[in-house]
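One structure below.
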Amino acid sequence: RKNYAGEPVANPIATIISASLLLDYLDYGYESKKLMRAIENTLKGGLDPEKNWEYLPRDAVPLKFRKEGKFGSTQDVAEKILEEYKKIK
């Protein structure tokens, strides 16, 4: 997804949460919880935005980072969530 200027900055987390809810509804509770944990782990990076800004959506970084263009693209954020998902056993 892209914004009005064609930049890939849409936050994919709400869509991924919707997928998690669907998994839970379809009785894939373990996978749903694992996906939510992956999102949580990704957002925990916001506690140290100096190190993790490239994996955080635009609306999860401090204003000064947004002004400097320091935030992850839609794909960067989604790929980080996938990476965190694969780490969870």
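Identifiers in this document derive from the order of the structure tokens: chains are assigned A, B, ..., residues are numbered from 1 separately in each chain, and ligands are numbered from 1 in order of occurrence.
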From a DSSP pass on the backbone, collect the residues of chain A flagged as helix (DSSP H, G or I) and hand them back as a PDB file with N, CA, C and O atoms, in the first residue's frame.
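Contents of the output file out22.pdb:
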```pdb
ATOM      1  N   ILE A  13       0.161  -3.245  10.111  1.00  0.00           N
ATOM      2  CA  ILE A  13      -0.117  -3.990  11.341  1.00  0.00           C
ATOM      3  C   ILE A  13      -1.606  -4.277  11.527  1.00  0.00           C
ATOM      4  O   ILE A  13      -1.969  -5.381  11.926  1.00  0.00           O
ATOM      5  N   ALA A  14      -2.490  -3.340  11.232  1.00  0.00           N
ATOM      6  CA  ALA A  14      -3.929  -3.597  11.385  1.00  0.00           C
ATOM      7  C   ALA A  14      -4.385  -4.745  10.490  1.00  0.00           C
ATOM      8  O   ALA A  14      -5.183  -5.591  10.906  1.00  0.00           O
ATOM      9  N   THR A  15      -3.861  -4.806   9.291  1.00  0.00           N
ATOM     10  CA  THR A  15      -4.205  -5.898   8.377  1.00  0.00           C
ATOM     11  C   THR A  15      -3.714  -7.233   8.929  1.00  0.00           C
ATOM     12  O   THR A  15      -4.421  -8.244   8.862  1.00  0.00           O
ATOM     13  N   ILE A  16      -2.515  -7.223   9.494  1.00  0.00           N
ATOM     14  CA  ILE A  16      -1.956  -8.460  10.041  1.00  0.00           C
ATOM     15  C   ILE A  16      -2.717  -8.885  11.298  1.00  0.00           C
ATOM     16  O   ILE A  16      -2.947 -10.082  11.514  1.00  0.00           O
ATOM     17  N   ILE A  17      -3.158  -7.924  12.099  1.00  0.00           N
ATOM     18  CA  ILE A  17      -3.995  -8.254  13.261  1.00  0.00           C
ATOM     19  C   ILE A  17      -5.305  -8.883  12.786  1.00  0.00           C
ATOM     20  O   ILE A  17      -5.786  -9.851  13.383  1.00  0.00           O
ATOM     21  N   SER A  18      -5.878  -8.357  11.721  1.00  0.00           N
ATOM     22  CA  SER A  18      -7.102  -8.944  11.163  1.00  0.00           C
ATOM     23  C   SER A  18      -6.872 -10.386  10.742  1.00  0.00           C
ATOM     24  O   SER A  18      -7.726 -11.252  10.962  1.00  0.00           O
ATOM     25  N   ALA A  19      -5.715 -10.649  10.157  1.00  0.00           N
ATOM     26  CA  ALA A  19      -5.379 -12.031   9.776  1.00  0.00           C
ATOM     27  C   ALA A  19      -5.273 -12.909  11.013  1.00  0.00           C
ATOM     28  O   ALA A  19      -5.723 -14.070  11.009  1.00  0.00           O
ATOM     29  N   SER A  20      -4.717 -12.372  12.085  1.00  0.00           N
ATOM     30  CA  SER A  20      -4.605 -13.123  13.333  1.00  0.00           C
ATOM     31  C   SER A  20      -5.991 -13.460  13.886  1.00  0.00           C
ATOM     32  O   SER A  20      -6.237 -14.584  14.343  1.00  0.00           O
ATOM     33  N   LEU A  21      -6.896 -12.498  13.843  1.00  0.00           N
ATOM     34  CA  LEU A  21      -8.267 -12.734  14.311  1.00  0.00           C
ATOM     35  C   LEU A  21      -8.961 -13.794  13.460  1.00  0.00           C
ATOM     36  O   LEU A  21      -9.700 -14.639  13.979  1.00  0.00           O
ATOM     37  N   LEU A  22      -8.717 -13.757  12.162  1.00  0.00           N
ATOM     38  CA  LEU A  22      -9.292 -14.768  11.268  1.00  0.00           C
ATOM     39  C   LEU A  22      -8.750 -16.157  11.609  1.00  0.00           C
ATOM     40  O   LEU A  22      -9.508 -17.128  11.664  1.00  0.00           O
ATOM     41  N   LEU A  23      -7.448 -16.242  11.837  1.00  0.00           N
ATOM     42  CA  LEU A  23      -6.858 -17.525  12.224  1.00  0.00           C
ATOM     43  C   LEU A  23      -7.503 -18.059  13.499  1.00  0.00           C
ATOM     44  O   LEU A  23      -7.816 -19.251  13.600  1.00  0.00           O
ATOM     45  N   ASP A  24      -7.709 -17.183  14.474  1.00  0.00           N
ATOM     46  CA  ASP A  24      -8.341 -17.601  15.726  1.00  0.00           C
ATOM     47  C   ASP A  24      -9.768 -18.088  15.474  1.00  0.00           C
ATOM     48  O   ASP A  24     -10.184 -19.122  15.992  1.00  0.00           O
ATOM     49  N   TYR A  25     -10.502 -17.363  14.649  1.00  0.00           N
ATOM     50  CA  TYR A  25     -11.867 -17.739  14.310  1.00  0.00           C
ATOM     51  C   TYR A  25     -11.914 -19.108  13.632  1.00  0.00           C
ATOM     52  O   TYR A  25     -12.845 -19.895  13.842  1.00  0.00           O
ATOM     53  N   GLY A  29      -5.755 -21.249  16.808  1.00  0.00           N
ATOM     54  CA  GLY A  29      -5.421 -20.402  17.947  1.00  0.00           C
ATOM     55  C   GLY A  29      -3.935 -20.248  18.181  1.00  0.00           C
ATOM     56  O   GLY A  29      -3.461 -19.152  18.495  1.00  0.00           O
ATOM     57  N   TYR A  30      -3.191 -21.329  18.028  1.00  0.00           N
ATOM     58  CA  TYR A  30      -1.741 -21.263  18.252  1.00  0.00           C
ATOM     59  C   TYR A  30      -1.093 -20.307  17.260  1.00  0.00           C
ATOM     60  O   TYR A  30      -0.295 -19.440  17.632  1.00  0.00           O
ATOM     61  N   GLU A  31      -1.449 -20.438  15.994  1.00  0.00           N
ATOM     62  CA  GLU A  31      -0.882 -19.584  14.960  1.00  0.00           C
ATOM     63  C   GLU A  31      -1.299 -18.125  15.172  1.00  0.00           C
ATOM     64  O   GLU A  31      -0.516 -17.199  14.952  1.00  0.00           O
ATOM     65  N   SER A  32      -2.535 -17.914  15.605  1.00  0.00           N
ATOM     66  CA  SER A  32      -3.022 -16.574  15.881  1.00  0.00           C
ATOM     67  C   SER A  32      -2.209 -15.920  16.995  1.00  0.00           C
ATOM     68  O   SER A  32      -1.766 -14.774  16.863  1.00  0.00           O
ATOM     69  N   LYS A  33      -2.000 -16.650  18.076  1.00  0.00           N
ATOM     70  CA  LYS A  33      -1.211 -16.118  19.198  1.00  0.00           C
ATOM     71  C   LYS A  33       0.238 -15.856  18.780  1.00  0.00           C
ATOM     72  O   LYS A  33       0.845 -14.862  19.190  1.00  0.00           O
ATOM     73  N   LYS A  34       0.760 -16.745  17.982  1.00  0.00           N
ATOM     74  CA  LYS A  34       2.134 -16.591  17.498  1.00  0.00           C
ATOM     75  C   LYS A  34       2.265 -15.325  16.634  1.00  0.00           C
ATOM     76  O   LYS A  34       3.228 -14.568  16.774  1.00  0.00           O
ATOM     77  N   LEU A  35       1.282 -15.073  15.800  1.00  0.00           N
ATOM     78  CA  LEU A  35       1.305 -13.885  14.950  1.00  0.00           C
ATOM     79  C   LEU A  35       1.193 -12.607  15.795  1.00  0.00           C
ATOM     80  O   LEU A  35       1.913 -11.638  15.561  1.00  0.00           O
ATOM     81  N   MET A  36       0.332 -12.629  16.798  1.00  0.00           N
ATOM     82  CA  MET A  36       0.212 -11.463  17.678  1.00  0.00           C
ATOM     83  C   MET A  36       1.510 -11.227  18.448  1.00  0.00           C
ATOM     84  O   MET A  36       1.936 -10.093  18.634  1.00  0.00           O
ATOM     85  N   ARG A  37       2.159 -12.293  18.868  1.00  0.00           N
ATOM     86  CA  ARG A  37       3.440 -12.166  19.578  1.00  0.00           C
ATOM     87  C   ARG A  37       4.499 -11.564  18.647  1.00  0.00           C
ATOM     88  O   ARG A  37       5.307 -10.747  19.070  1.00  0.00           O
ATOM     89  N   ALA A  38       4.483 -11.953  17.388  1.00  0.00           N
ATOM     90  CA  ALA A  38       5.432 -11.408  16.418  1.00  0.00           C
ATOM     91  C   ALA A  38       5.220  -9.896  16.245  1.00  0.00           C
ATOM     92  O   ALA A  38       6.182  -9.131  16.162  1.00  0.00           O
ATOM     93  N   ILE A  39       3.968  -9.474  16.225  1.00  0.00           N
ATOM     94  CA  ILE A  39       3.664  -8.046  16.133  1.00  0.00           C
ATOM     95  C   ILE A  39       4.176  -7.324  17.377  1.00  0.00           C
ATOM     96  O   ILE A  39       4.822  -6.277  17.290  1.00  0.00           O
ATOM     97  N   GLU A  40       3.899  -7.905  18.543  1.00  0.00           N
ATOM     98  CA  GLU A  40       4.363  -7.307  19.796  1.00  0.00           C
ATOM     99  C   GLU A  40       5.886  -7.182  19.814  1.00  0.00           C
ATOM    100  O   GLU A  40       6.424  -6.141  20.206  1.00  0.00           O
ATOM    101  N   ASN A  41       6.567  -8.237  19.398  1.00  0.00           N
ATOM    102  CA  ASN A  41       8.032  -8.211  19.385  1.00  0.00           C
ATOM    103  C   ASN A  41       8.564  -7.135  18.443  1.00  0.00           C
ATOM    104  O   ASN A  41       9.561  -6.477  18.744  1.00  0.00           O
ATOM    105  N   THR A  42       7.898  -6.962  17.314  1.00  0.00           N
ATOM    106  CA  THR A  42       8.316  -5.926  16.366  1.00  0.00           C
ATOM    107  C   THR A  42       8.117  -4.542  16.972  1.00  0.00           C
ATOM    108  O   THR A  42       9.008  -3.696  16.896  1.00  0.00           O
ATOM    109  N   LEU A  43       6.974  -4.320  17.589  1.00  0.00           N
ATOM    110  CA  LEU A  43       6.689  -3.005  18.166  1.00  0.00           C
ATOM    111  C   LEU A  43       7.551  -2.698  19.387  1.00  0.00           C
ATOM    112  O   LEU A  43       7.773  -1.529  19.699  1.00  0.00           O
ATOM    113  N   LYS A  44       8.039  -3.722  20.056  1.00  0.00           N
ATOM    114  CA  LYS A  44       8.952  -3.485  21.181  1.00  0.00           C
ATOM    115  C   LYS A  44      10.210  -2.765  20.723  1.00  0.00           C
ATOM    116  O   LYS A  44      10.870  -2.105  21.512  1.00  0.00           O
ATOM    117  N   GLY A  45      10.525  -2.887  19.448  1.00  0.00           N
ATOM    118  CA  GLY A  45      11.654  -2.158  18.894  1.00  0.00           C
ATOM    119  C   GLY A  45      11.482  -0.656  19.023  1.00  0.00           C
ATOM    120  O   GLY A  45      12.456   0.096  19.021  1.00  0.00           O
ATOM    121  N   GLY A  46      10.235  -0.212  19.179  1.00  0.00           N
ATOM    122  CA  GLY A  46       9.958   1.205  19.357  1.00  0.00           C
ATOM    123  C   GLY A  46      10.497   1.763  20.659  1.00  0.00           C
ATOM    124  O   GLY A  46      10.605   2.978  20.827  1.00  0.00           O
ATOM    125  N   LEU A  47      10.858   0.875  21.577  1.00  0.00           N
ATOM    126  CA  LEU A  47      11.451   1.334  22.832  1.00  0.00           C
ATOM    127  C   LEU A  47      12.849   1.887  22.606  1.00  0.00           C
ATOM    128  O   LEU A  47      13.367   2.622  23.433  1.00  0.00           O
ATOM    129  N   PRO A  49      14.082   3.472  19.310  1.00  0.00           N
ATOM    130  CA  PRO A  49      13.947   3.817  17.891  1.00  0.00           C
ATOM    131  C   PRO A  49      15.270   4.167  17.218  1.00  0.00           C
ATOM    132  O   PRO A  49      15.383   4.037  16.005  1.00  0.00           O
ATOM    133  N   GLU A  50      16.268   4.577  17.976  1.00  0.00           N
ATOM    134  CA  GLU A  50      17.575   4.879  17.377  1.00  0.00           C
ATOM    135  C   GLU A  50      18.141   3.662  16.649  1.00  0.00           C
ATOM    136  O   GLU A  50      18.736   3.782  15.595  1.00  0.00           O
ATOM    137  N   LYS A  51      17.924   2.482  17.233  1.00  0.00           N
ATOM    138  CA  LYS A  51      18.443   1.239  16.640  1.00  0.00           C
ATOM    139  C   LYS A  51      17.462   0.574  15.689  1.00  0.00           C
ATOM    140  O   LYS A  51      17.866  -0.125  14.774  1.00  0.00           O
ATOM    141  N   ASN A  52      16.174   0.760  15.911  1.00  0.00           N
ATOM    142  CA  ASN A  52      15.169  -0.048  15.218  1.00  0.00           C
ATOM    143  C   ASN A  52      14.228   0.715  14.302  1.00  0.00           C
ATOM    144  O   ASN A  52      13.228   0.165  13.861  1.00  0.00           O
ATOM    145  N   TRP A  53      14.516   1.961  13.985  1.00  0.00           N
ATOM    146  CA  TRP A  53      13.567   2.767  13.224  1.00  0.00           C
ATOM    147  C   TRP A  53      13.217   2.161  11.866  1.00  0.00           C
ATOM    148  O   TRP A  53      12.100   2.313  11.384  1.00  0.00           O
ATOM    149  N   GLU A  54      14.150   1.442  11.255  1.00  0.00           N
ATOM    150  CA  GLU A  54      13.873   0.930   9.904  1.00  0.00           C
ATOM    151  C   GLU A  54      12.849  -0.200   9.872  1.00  0.00           C
ATOM    152  O   GLU A  54      12.401  -0.597   8.804  1.00  0.00           O
ATOM    153  N   TYR A  55      12.477  -0.715  11.048  1.00  0.00           N
ATOM    154  CA  TYR A  55      11.469  -1.783  11.120  1.00  0.00           C
ATOM    155  C   TYR A  55      10.159  -1.313  11.724  1.00  0.00           C
ATOM    156  O   TYR A  55       9.256  -2.108  11.935  1.00  0.00           O
ATOM    157  N   ARG A  58       5.633   4.255  10.197  1.00  0.00           N
ATOM    158  CA  ARG A  58       5.767   5.708  10.337  1.00  0.00           C
ATOM    159  C   ARG A  58       5.075   6.239  11.587  1.00  0.00           C
ATOM    160  O   ARG A  58       5.579   7.136  12.253  1.00  0.00           O
ATOM    161  N   ASP A  59       3.895   5.709  11.910  1.00  0.00           N
ATOM    162  CA  ASP A  59       3.156   6.224  13.056  1.00  0.00           C
ATOM    163  C   ASP A  59       3.641   5.677  14.396  1.00  0.00           C
ATOM    164  O   ASP A  59       3.081   5.986  15.438  1.00  0.00           O
ATOM    165  N   ALA A  60       4.705   4.872  14.391  1.00  0.00           N
ATOM    166  CA  ALA A  60       5.240   4.319  15.636  1.00  0.00           C
ATOM    167  C   ALA A  60       6.624   4.866  15.981  1.00  0.00           C
ATOM    168  O   ALA A  60       7.230   4.425  16.948  1.00  0.00           O
ATOM    169  N   LEU A  63       8.296  11.894  16.271  1.00  0.00           N
ATOM    170  CA  LEU A  63       8.089  12.899  15.237  1.00  0.00           C
ATOM    171  C   LEU A  63       9.382  13.302  14.533  1.00  0.00           C
ATOM    172  O   LEU A  63       9.413  13.443  13.311  1.00  0.00           O
ATOM    173  N   LYS A  64      10.462  13.448  15.286  1.00  0.00           N
ATOM    174  CA  LYS A  64      11.725  13.856  14.656  1.00  0.00           C
ATOM    175  C   LYS A  64      12.192  12.818  13.638  1.00  0.00           C
ATOM    176  O   LYS A  64      12.768  13.155  12.617  1.00  0.00           O
ATOM    177  N   PHE A  65      11.901  11.539  13.883  1.00  0.00           N
ATOM    178  CA  PHE A  65      12.266  10.489  12.929  1.00  0.00           C
ATOM    179  C   PHE A  65      11.413  10.610  11.669  1.00  0.00           C
ATOM    180  O   PHE A  65      11.902  10.425  10.563  1.00  0.00           O
ATOM    181  N   ARG A  66      10.121  10.886  11.853  1.00  0.00           N
ATOM    182  CA  ARG A  66       9.234  11.044  10.696  1.00  0.00           C
ATOM    183  C   ARG A  66       9.703  12.187   9.811  1.00  0.00           C
ATOM    184  O   ARG A  66       9.722  12.070   8.596  1.00  0.00           O
ATOM    185  N   LYS A  67      10.066  13.284  10.448  1.00  0.00           N
ATOM    186  CA  LYS A  67      10.524  14.453   9.681  1.00  0.00           C
ATOM    187  C   LYS A  67      11.804  14.153   8.910  1.00  0.00           C
ATOM    188  O   LYS A  67      12.044  14.722   7.857  1.00  0.00           O
ATOM    189  N   THR A  74       6.136  -0.113   4.253  1.00  0.00           N
ATOM    190  CA  THR A  74       5.120  -1.137   4.480  1.00  0.00           C
ATOM    191  C   THR A  74       5.755  -2.526   4.414  1.00  0.00           C
ATOM    192  O   THR A  74       5.530  -3.372   5.283  1.00  0.00           O
ATOM    193  N   GLN A  75       6.564  -2.749   3.412  1.00  0.00           N
ATOM    194  CA  GLN A  75       7.200  -4.055   3.226  1.00  0.00           C
ATOM    195  C   GLN A  75       8.224  -4.340   4.324  1.00  0.00           C
ATOM    196  O   GLN A  75       8.304  -5.462   4.815  1.00  0.00           O
ATOM    197  N   ASP A  76       9.004  -3.334   4.723  1.00  0.00           N
ATOM    198  CA  ASP A  76       9.993  -3.529   5.790  1.00  0.00           C
ATOM    199  C   ASP A  76       9.326  -3.998   7.083  1.00  0.00           C
ATOM    200  O   ASP A  76       9.808  -4.916   7.745  1.00  0.00           O
ATOM    201  N   VAL A  77       8.221  -3.350   7.432  1.00  0.00           N
ATOM    202  CA  VAL A  77       7.506  -3.694   8.669  1.00  0.00           C
ATOM    203  C   VAL A  77       6.934  -5.109   8.568  1.00  0.00           C
ATOM    204  O   VAL A  77       7.096  -5.930   9.474  1.00  0.00           O
ATOM    205  N   ALA A  78       6.288  -5.427   7.455  1.00  0.00           N
ATOM    206  CA  ALA A  78       5.699  -6.752   7.271  1.00  0.00           C
ATOM    207  C   ALA A  78       6.772  -7.845   7.299  1.00  0.00           C
ATOM    208  O   ALA A  78       6.573  -8.904   7.901  1.00  0.00           O
ATOM    209  N   GLU A  79       7.902  -7.584   6.663  1.00  0.00           N
ATOM    210  CA  GLU A  79       8.981  -8.582   6.653  1.00  0.00           C
ATOM    211  C   GLU A  79       9.573  -8.785   8.043  1.00  0.00           C
ATOM    212  O   GLU A  79       9.927  -9.902   8.408  1.00  0.00           O
ATOM    213  N   LYS A  80       9.645  -7.714   8.834  1.00  0.00           N
ATOM    214  CA  LYS A  80      10.145  -7.843  10.211  1.00  0.00           C
ATOM    215  C   LYS A  80       9.178  -8.682  11.048  1.00  0.00           C
ATOM    216  O   LYS A  80       9.588  -9.523  11.837  1.00  0.00           O
ATOM    217  N   ILE A  81       7.892  -8.476  10.861  1.00  0.00           N
ATOM    218  CA  ILE A  81       6.897  -9.279  11.581  1.00  0.00           C
ATOM    219  C   ILE A  81       7.031 -10.736  11.179  1.00  0.00           C
ATOM    220  O   ILE A  81       6.996 -11.634  12.035  1.00  0.00           O
ATOM    221  N   LEU A  82       7.204 -11.005   9.907  1.00  0.00           N
ATOM    222  CA  LEU A  82       7.412 -12.388   9.448  1.00  0.00           C
ATOM    223  C   LEU A  82       8.672 -12.985  10.062  1.00  0.00           C
ATOM    224  O   LEU A  82       8.654 -14.134  10.510  1.00  0.00           O
ATOM    225  N   GLU A  83       9.736 -12.215  10.105  1.00  0.00           N
ATOM    226  CA  GLU A  83      10.989 -12.683  10.713  1.00  0.00           C
ATOM    227  C   GLU A  83      10.760 -13.037  12.186  1.00  0.00           C
ATOM    228  O   GLU A  83      11.212 -14.087  12.656  1.00  0.00           O
ATOM    229  N   GLU A  84      10.048 -12.171  12.912  1.00  0.00           N
ATOM    230  CA  GLU A  84       9.762 -12.444  14.324  1.00  0.00           C
ATOM    231  C   GLU A  84       8.852 -13.676  14.457  1.00  0.00           C
ATOM    232  O   GLU A  84       9.037 -14.477  15.369  1.00  0.00           O
ATOM    233  N   TYR A  85       7.904 -13.829  13.549  1.00  0.00           N
ATOM    234  CA  TYR A  85       6.993 -14.985  13.579  1.00  0.00           C
ATOM    235  C   TYR A  85       7.788 -16.289  13.458  1.00  0.00           C
ATOM    236  O   TYR A  85       7.534 -17.256  14.166  1.00  0.00           O
ATOM    237  N   LYS A  86       8.759 -16.298  12.560  1.00  0.00           N
ATOM    238  CA  LYS A  86       9.556 -17.507  12.330  1.00  0.00           C
ATOM    239  C   LYS A  86      10.438 -17.855  13.534  1.00  0.00           C
ATOM    240  O   LYS A  86      10.802 -19.014  13.703  1.00  0.00           O
ATOM    241  N   LYS A  87      10.772 -16.888  14.371  1.00  0.00           N
ATOM    242  CA  LYS A  87      11.603 -17.143  15.554  1.00  0.00           C
ATOM    243  C   LYS A  87      10.830 -17.817  16.675  1.00  0.00           C
ATOM    244  O   LYS A  87      11.417 -18.453  17.539  1.00  0.00           O
TER     245      LYS A  87
END
```
Å distance separating atom CA of Lys89 of chain A from atom CA of Gly72 of chain A, one decimal place: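 Answer for the atom CA of Lys89 of chain A to atom CA of Gly72 of chain A separation: 25.7 Å.
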Looking at A:Ile88, A:Pro62, A:Leu56, A:Lys70, which one is nearest to Asn11 of chain A, with distances taken over only C-alpha atoms?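 Looking at the shortest contact to Asn11 of chain A, the residue is A:Leu56.
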